[in-house]
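S.K.: Structure: upload23.cif, mmCIF, C-alpha atoms.
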data_query
#
loop_
_atom_site.label_atom_id
_atom_site.label_comp_id
_atom_site.auth_asym_id
_atom_site.auth_seq_id
_atom_site.Cartn_x
_atom_site.Cartn_y
_atom_site.Cartn_z
CA MET I 352 222.24 -13.16 -122.51
CA ASN I 353 221.84 -14.34 -118.90
CA GLU I 354 221.73 -18.09 -118.23
CA PHE I 355 218.54 -17.52 -116.25
CA ASP I 356 216.60 -15.55 -118.91
CA ASP I 357 214.16 -18.43 -119.53
CA ALA I 358 213.68 -18.85 -115.81
CA GLU I 359 213.01 -15.11 -115.46
CA ASP I 360 210.18 -15.37 -117.99
CA ILE I 361 208.64 -18.25 -116.08
CA LEU I 362 208.96 -16.30 -112.84
CA PHE I 363 206.62 -13.63 -114.24
CA GLU I 364 204.06 -16.37 -114.88
CA VAL I 365 204.60 -17.68 -111.35
CA ASP I 366 203.97 -14.21 -109.90
CA THR I 367 200.71 -14.03 -111.83
CA LEU I 368 199.65 -17.44 -110.54
CA ILE I 369 200.47 -16.43 -106.97
CA SER I 370 198.44 -13.22 -107.31
CA GLN I 371 195.53 -15.37 -108.51
CA GLU I 372 196.00 -17.67 -105.46
CA LYS I 373 196.95 -20.57 -107.75
CA ILE I 374 199.66 -21.62 -105.34
CA VAL I 375 199.91 -25.30 -106.30
CA GLU I 376 200.39 -24.42 -109.97
CA ALA I 377 202.98 -21.78 -109.07
CA LYS I 378 204.86 -24.25 -106.88
CA LYS I 379 204.94 -26.84 -109.68
CA MET I 380 206.34 -24.28 -112.13
CA LEU I 381 209.03 -23.27 -109.65
CA TYR I 382 210.12 -26.88 -109.24
CA GLU I 383 210.27 -27.20 -113.02
CA VAL I 384 212.54 -24.16 -113.14
CA LEU I 385 214.76 -25.67 -110.45
CA SER I 386 215.01 -28.95 -112.33
CA ASN I 387 216.77 -26.97 -115.09
CA PHE I 388 218.42 -24.32 -112.93
CA PRO I 389 219.00 -25.75 -109.43
CA ASP I 390 220.98 -22.68 -108.35
CA TYR I 391 218.36 -20.12 -109.40
CA CYS I 392 217.95 -18.14 -106.21
CA LYS I 393 214.72 -16.40 -107.19
CA ALA I 394 212.91 -19.73 -107.56
CA HIS I 395 214.18 -20.85 -104.16
CA ASN I 396 213.11 -17.52 -102.64
CA HIS I 397 209.61 -17.83 -104.12
CA LEU I 398 209.31 -21.42 -102.87
CA GLY I 399 210.49 -20.34 -99.44
CA TRP I 400 207.82 -17.66 -99.40
CA ILE I 401 205.12 -20.08 -100.59
CA TYR I 402 206.02 -22.67 -97.96
CA HIS I 403 206.21 -20.00 -95.25
CA GLN I 404 203.18 -17.88 -96.06
CA LYS I 405 200.80 -20.18 -97.92
CA MET I 406 201.56 -23.77 -96.94
CA THR I 407 203.05 -23.35 -93.45
CA ASN I 408 205.68 -25.98 -94.10
CA TYR I 409 208.49 -24.31 -92.20
CA THR I 410 211.07 -27.01 -92.83
CA LYS I 411 210.75 -26.64 -96.60
CA ALA I 412 210.52 -22.86 -96.29
CA GLU I 413 213.79 -22.71 -94.38
CA THR I 414 215.50 -25.04 -96.84
CA HIS I 415 214.53 -22.88 -99.80
CA PHE I 416 215.32 -19.59 -98.08
CA LYS I 417 218.78 -20.88 -97.19
CA LEU I 418 219.35 -22.03 -100.77
CA ALA I 419 218.17 -18.65 -102.05
CA LEU I 420 220.63 -16.92 -99.73
CA LYS I 421 223.40 -19.29 -100.81
CA TYR I 422 222.89 -18.47 -104.49
CA ALA I 423 221.90 -14.81 -104.13
CA LYS I 424 224.39 -12.57 -105.86
CA ASP I 425 222.56 -9.35 -106.65
CA TYR I 426 219.08 -10.38 -105.54
CA PHE I 427 218.20 -9.24 -102.05
CA SER I 428 214.62 -10.37 -101.44
CA PRO I 429 215.70 -13.57 -99.68
CA TYR I 430 217.30 -11.47 -96.94
CA MET I 431 214.03 -9.73 -96.19
CA ASN I 432 211.88 -12.84 -96.53
CA TYR I 433 214.15 -14.91 -94.33
CA SER I 434 214.17 -12.20 -91.66
CA TYR I 435 210.34 -12.26 -91.53
CA PHE I 436 210.48 -16.05 -91.40
CA LEU I 437 212.85 -16.03 -88.41
CA ILE I 438 210.65 -13.61 -86.47
CA ASP I 439 207.52 -15.62 -87.25
CA LEU I 440 209.20 -18.76 -85.91
CA GLY I 441 210.40 -17.01 -82.76
CA LYS I 442 214.05 -17.48 -83.65
CA TYR I 443 215.08 -14.15 -82.19
CA ASN I 444 218.74 -14.88 -81.46
CA GLU I 445 219.12 -16.34 -84.93
CA MET I 446 217.48 -13.21 -86.39
CA ILE I 447 219.95 -10.96 -84.61
CA THR I 448 222.92 -13.00 -85.85
CA PHE I 449 221.46 -13.19 -89.36
CA GLY I 450 220.78 -9.44 -89.30
CA GLU I 451 224.38 -8.67 -88.38
CA HIS I 452 225.50 -10.70 -91.38
CA ALA I 453 222.84 -9.28 -93.73
CA LEU I 454 223.77 -5.69 -92.91
CA LYS I 455 227.24 -6.37 -94.34
CA VAL I 456 225.78 -7.32 -97.74
CA LYS I 457 225.85 -4.35 -100.09
CA GLY I 458 222.39 -3.67 -101.50
CA VAL I 459 220.34 -5.26 -98.74
CA ASP I 460 217.41 -3.18 -97.46
CA GLU I 461 218.98 -2.04 -94.21
CA GLY I 462 215.76 -0.50 -92.93
CA THR I 463 213.93 -3.82 -93.12
CA ILE I 464 216.76 -5.81 -91.54
CA LEU I 465 217.19 -3.28 -88.72
CA ASN I 466 213.43 -3.30 -88.12
CA GLN I 467 213.40 -7.10 -87.90
CA MET I 468 216.36 -7.02 -85.52
CA ALA I 469 214.48 -4.47 -83.42
CA LYS I 470 211.48 -6.82 -83.29
CA ALA I 471 213.74 -9.64 -82.16
CA TYR I 472 215.15 -7.51 -79.35
CA GLU I 473 211.68 -6.32 -78.39
CA LEU I 474 210.32 -9.86 -78.26
CA LYS I 475 213.31 -10.86 -76.11
CA ASN I 476 212.25 -7.98 -73.81
CA ASN I 477 215.48 -6.09 -74.43
CA LEU I 478 213.52 -2.88 -74.85
CA GLU I 479 216.32 -0.31 -74.81
CA THR I 480 218.20 -2.11 -77.57
CA ALA I 481 214.96 -2.61 -79.50
CA TYR I 482 214.23 1.12 -79.31
CA SER I 483 217.71 1.92 -80.58
CA PHE I 484 217.32 -0.47 -83.53
CA TYR I 485 213.90 0.95 -84.42
CA GLU I 486 215.51 4.39 -84.52
CA LYS I 487 218.24 3.09 -86.84
CA ALA I 488 215.62 1.39 -89.02
CA LYS I 489 213.70 4.66 -89.31
CA ILE I 490 216.80 6.48 -90.52
CA LYS I 491 217.48 3.82 -93.18
CA SER I 492 213.85 3.66 -94.42
CA THR I 493 212.27 5.82 -97.10
CA ALA I 494 208.76 4.41 -97.51
CA SER I 495 206.33 6.60 -95.59
CA GLY I 496 204.06 3.69 -94.66
CA TYR I 497 207.01 1.76 -93.32
CA ILE I 498 208.19 4.76 -91.32
CA GLU I 499 204.71 5.04 -89.79
CA GLU I 500 204.97 1.37 -88.78
CA ILE I 501 208.36 2.03 -87.19
CA ASN I 502 206.96 5.08 -85.36
CA ALA I 503 204.21 2.87 -83.96
CA SER I 504 206.87 0.38 -82.86
CA LEU I 505 208.87 3.12 -81.16
CA TYR I 506 205.76 4.24 -79.30
CA ARG I 507 204.87 0.66 -78.33
CA VAL I 508 208.35 -0.08 -77.00
CA LYS I 509 208.44 3.17 -75.04
CA GLU I 510 205.09 2.24 -73.48
CA LYS I 511 206.51 -1.16 -72.46
CA MET I 512 209.51 0.40 -70.74
CA ASN I 513 209.36 0.95 -67.02
CA PHE I 514 210.22 4.32 -65.53
CA PHE I 515 213.89 3.45 -64.96
CA GLN I 516 214.35 2.11 -68.47
CA LYS I 517 212.91 5.33 -69.89
CA ILE I 518 215.22 7.47 -67.73
CA LYS I 519 218.21 5.29 -68.59
CA TYR I 520 217.40 5.59 -72.29
CA ILE I 521 216.98 9.36 -72.14
CA PHE I 522 220.39 9.79 -70.49
CA ARG I 523 222.31 7.26 -72.54
#
Would you mind writing the structure in this file as structure tokens?

M.R.:
Amino acid sequence: MNEFDDAEDILFEVDTLISQEKIVEAKKMLYEVLSNFPDYCKAHNHLGWIYHQKMTNYTKAETHFKLALKYAKDYFSPYMNYSYFLIDLGKYNEMITFGEHALKVKGVDEGTILNQMAKAYELKNNLETAYSFYEKAKIKSTASGYIEEINASLYRVKEKMNFFQKIKYIFR
């Protein structure tokens, strides 16, 4: 039996509360879980997501995402959630550094991390590198909807490139 089995059961209840937009109740339950299991990465990840997406408290979101990453062993959602967080906050250099680290973690969704790195490069106006990372993300992705999103990103970046950037990219 896993030491976090009770916490796992509560997490299902938390997910239900979140889907019902009962965010305050979900947050309270997560803090209760952490009072018993302070190193339970899934609770930290959920709190990070709540503070990022629902409460826009970026300081608390970052704290919980970093704790989730610290305690993550075979749970990879914090890597994806933190990458979205970094892009939303305009921390592009940090996203690139984080992405390089995340890609070394076995089991991480490489397609998502590469896509977020591509966004960081694009938003830094490093279009050729962004295009290259979108191509890598496409190769590592399997969800058709996600691949369509990446195709749209490839098109968008190509449209942003000037003539010389396009030529340079073609003859790389």

S.K.: Taking into account only C-alpha atoms, which residue in the set I:Thr463, I:Thr367, I:Gln516, I:Asn387 is nearest to Ile490 in chain I?

M.R.: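 With only C-alpha atoms as the atom set, the closest residue is I:Thr463.
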
S.K.: For Ser428 in chain I, find every residue with an atom within 12 Å (counting only C-alpha atoms), except residues of its own chain fewer than 3 positions away, and show them as a list in words.

M.R.: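 My reading of the contact set: Cys392, Lys393, Ala394, His395, Asn396, His397, Gly399, Trp400, Phe416, Ala419, Leu420, Tyr422, Ala423, Lys424, Asp425, Met431, Asn432, Tyr433, Ser434, Tyr435, Ala453, Gly458, Val459, Asp460, Glu461, Thr463 and Ile464 of chain I.
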
S.K.: Run through the PyMOL selection byres ((chain I and resi 520) around 12) on the given coordinates and return the selected residues as a ChimeraX atom specification.

M.R.: /I:478-483,508-509,512-519,521-523

S.K.: Please compute the CA of Asp366 in chain I-CA of Gly450 in chain I distance, one decimal, in Å.

M.R.: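 It comes out at 27.0 Å.
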
S.K.: To one decimal place in Å, what is the distance between CA of Phe363 in chain I and CA of Lys378 in chain I?

M.R.: 13.0 Å

S.K.: Report, in Å with one decimal, the straight-line distance from CA of Ala494 in chain I to CA of Leu465 in chain I.

M.R.: 14.4 Å

S.K.: So which one's closest to Tyr430 in chain I, I:Glu359, I:Glu383, I:Asp390, I:Glu451? Using only C-alpha atoms, please.

M.R.: I:Glu451

S.K.: Hey, which of I:Met380, I:Leu418, I:Met468, I:Leu454 ends up closest to Lys442 in chain I? Count all atoms listed in the file.

M.R.: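 That would be I:Met468, the residue with the smallest distance to Lys442 in chain I.
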
S.K.: Using all atoms listed in the file for the distances, tell me which of I:Phe427, I:Tyr402, I:Tyr443, I:Tyr485 is nearest to Tyr497 in chain I.

M.R.: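 Selected residue with least distance to Tyr497 in chain I: I:Tyr485.
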
S.K.: Pick out the closest residue to Phe484 in chain I from this set: I:Lys417, I:Arg507, I:Lys379, I:Lys470. Count all atoms listed in the file.

M.R.: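 Using all atoms listed in the file, the shortest distance to Phe484 in chain I belongs to I:Lys470.
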
S.K.: Quick one: residues within 8 Å of Asn502 in chain I, all atoms listed in the file, excluding same-chain residues fewer than 4 positions away - as an MDAnalysis selection string?

M.R.: chainID I and resid 489 498 506
